[in-house]
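Colleague: Take this structure first; my questions come after.
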Amino acid sequence: MAEEFEVARFLTVAEAELLVALLGRHGIRAWLPDRDMATMLPHVQMALGGIRVVAYEEQIVAARDIAVRARAGEFATPVDFDDWQEDAIPGQIGELDEADVHGTVGAPALKWWGVGLVAAGTLIVWMLGYTNDLREFLP
């Protein structure tokens, strides 16, 4: 089994994930062994010494080289490159019309199904004779 080595450390999971994605684009398998701890207990990230990005031994030199190049800004997008924003959403950027919303929130059939489920549950509880007075259950 190949040994794993540290490529770099970051203060946030988001920064570490960006490097993992960049390394993946260059054919290097990297991951975050501290991701679970950092997401469950975010205040412990500093105590861990940062979020580690690790890769296998045979790819470590290339991975560290890409990390150094990324921190130097080699892969940064030019500031004046804003063409991607024009085609993202028709209309104003960052605003959605009611018709653009899909999924559970925007599906009327699912809303009515949920209302029917709550109504049916209430009816069943009422038919079985359960009381709404919780004082009888208190000691």
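Order determines the names: the first chain of the structure tokens is A, the second B, and so forth; residues in each chain are numbered 1 upward, and ligands are numbered 1 upward as they are shown.
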Using only C-alpha atoms, which residues sit within 12 Å of A:Ala38 once same-chain residues fewer than 5 positions away are excluded, as a VMD selection string?
Modeller: chain A and resid 10 to 14 16 32 to 33 43 to 52
Colleague: If I take atom CA of A:Arg71 and atom CA of A:Glu6, how far is one from the other in Å, to one decimal?
Modeller: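 Taking atom CA of A:Arg71 and atom CA of A:Glu6, their separation equals 15.8 Å.
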Colleague: My list of candidates is A:Pro42, A:Arg9, A:Met37, A:Ala119. Which is closest to A:Ala67 when distances are computed with only C-alpha atoms?
Modeller: A:Arg9
Colleague: Just want the 12 Å neighbourhood of A:Ala70, counted on only C-alpha atoms, with same-chain residues fewer than 3 positions away dropped. Output as a PyMOL selection string.
Modeller: chain A and resi 8+15-16+18-23+63-67+73-77
Colleague: Write the residues you've just listed into a file as an mmCIF file, in the first residue's frame, and include C-alpha atoms for each of them.
Modeller:
data_model
loop_
_atom_site.group_PDB
_atom_site.id
_atom_site.type_symbol
_atom_site.label_atom_id
_atom_site.label_comp_id
_atom_site.auth_asym_id
_atom_site.auth_seq_id
_atom_site.Cartn_x
_atom_site.Cartn_y
_atom_site.Cartn_z
ATOM 1 C CA ALA A 8 -0.357 21.567 2.215
ATOM 2 C CA GLU A 15 -9.597 26.419 0.682
ATOM 3 C CA ALA A 16 -8.428 22.838 1.118
ATOM 4 C CA LEU A 18 -10.213 23.993 -3.822
ATOM 5 C CA LEU A 19 -6.704 22.539 -3.841
ATOM 6 C CA VAL A 20 -8.082 18.979 -3.876
ATOM 7 C CA ALA A 21 -10.223 19.892 -6.901
ATOM 8 C CA LEU A 22 -7.264 21.540 -8.651
ATOM 9 C CA LEU A 23 -5.065 18.514 -8.008
ATOM 10 C CA ALA A 63 1.113 17.830 -5.966
ATOM 11 C CA ARG A 64 3.344 20.141 -3.940
ATOM 12 C CA ASP A 65 4.497 21.866 -7.125
ATOM 13 C CA ILE A 66 0.879 22.559 -8.137
ATOM 14 C CA ALA A 67 0.107 23.818 -4.598
ATOM 15 C CA GLY A 73 -1.573 32.856 -8.380
ATOM 16 C CA GLU A 74 -0.638 31.016 -11.555
ATOM 17 C CA PHE A 75 -4.118 29.537 -11.970
ATOM 18 C CA ALA A 76 -6.011 32.730 -11.067
ATOM 19 C CA THR A 77 -8.563 34.136 -13.478
#
Colleague: Quote the spacing between atom CA of A:Gln59 and atom CA of A:Glu17 in Å to one decimal place.
Modeller: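 Separation between atom CA of A:Gln59 and atom CA of A:Glu17: 17.6 Å.
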Colleague: Rounded to one decimal, what separation in Å do you get between atom CA of A:Val53 and atom CA of A:Arg35?
Modeller: 9.6 Å
Colleague: Taking into account only C-alpha atoms, which residue in the set A:Met40, A:Val54, A:Val115, A:Ile28 is nearest to A:Glu4?
Modeller: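 Closest candidate: A:Val54.
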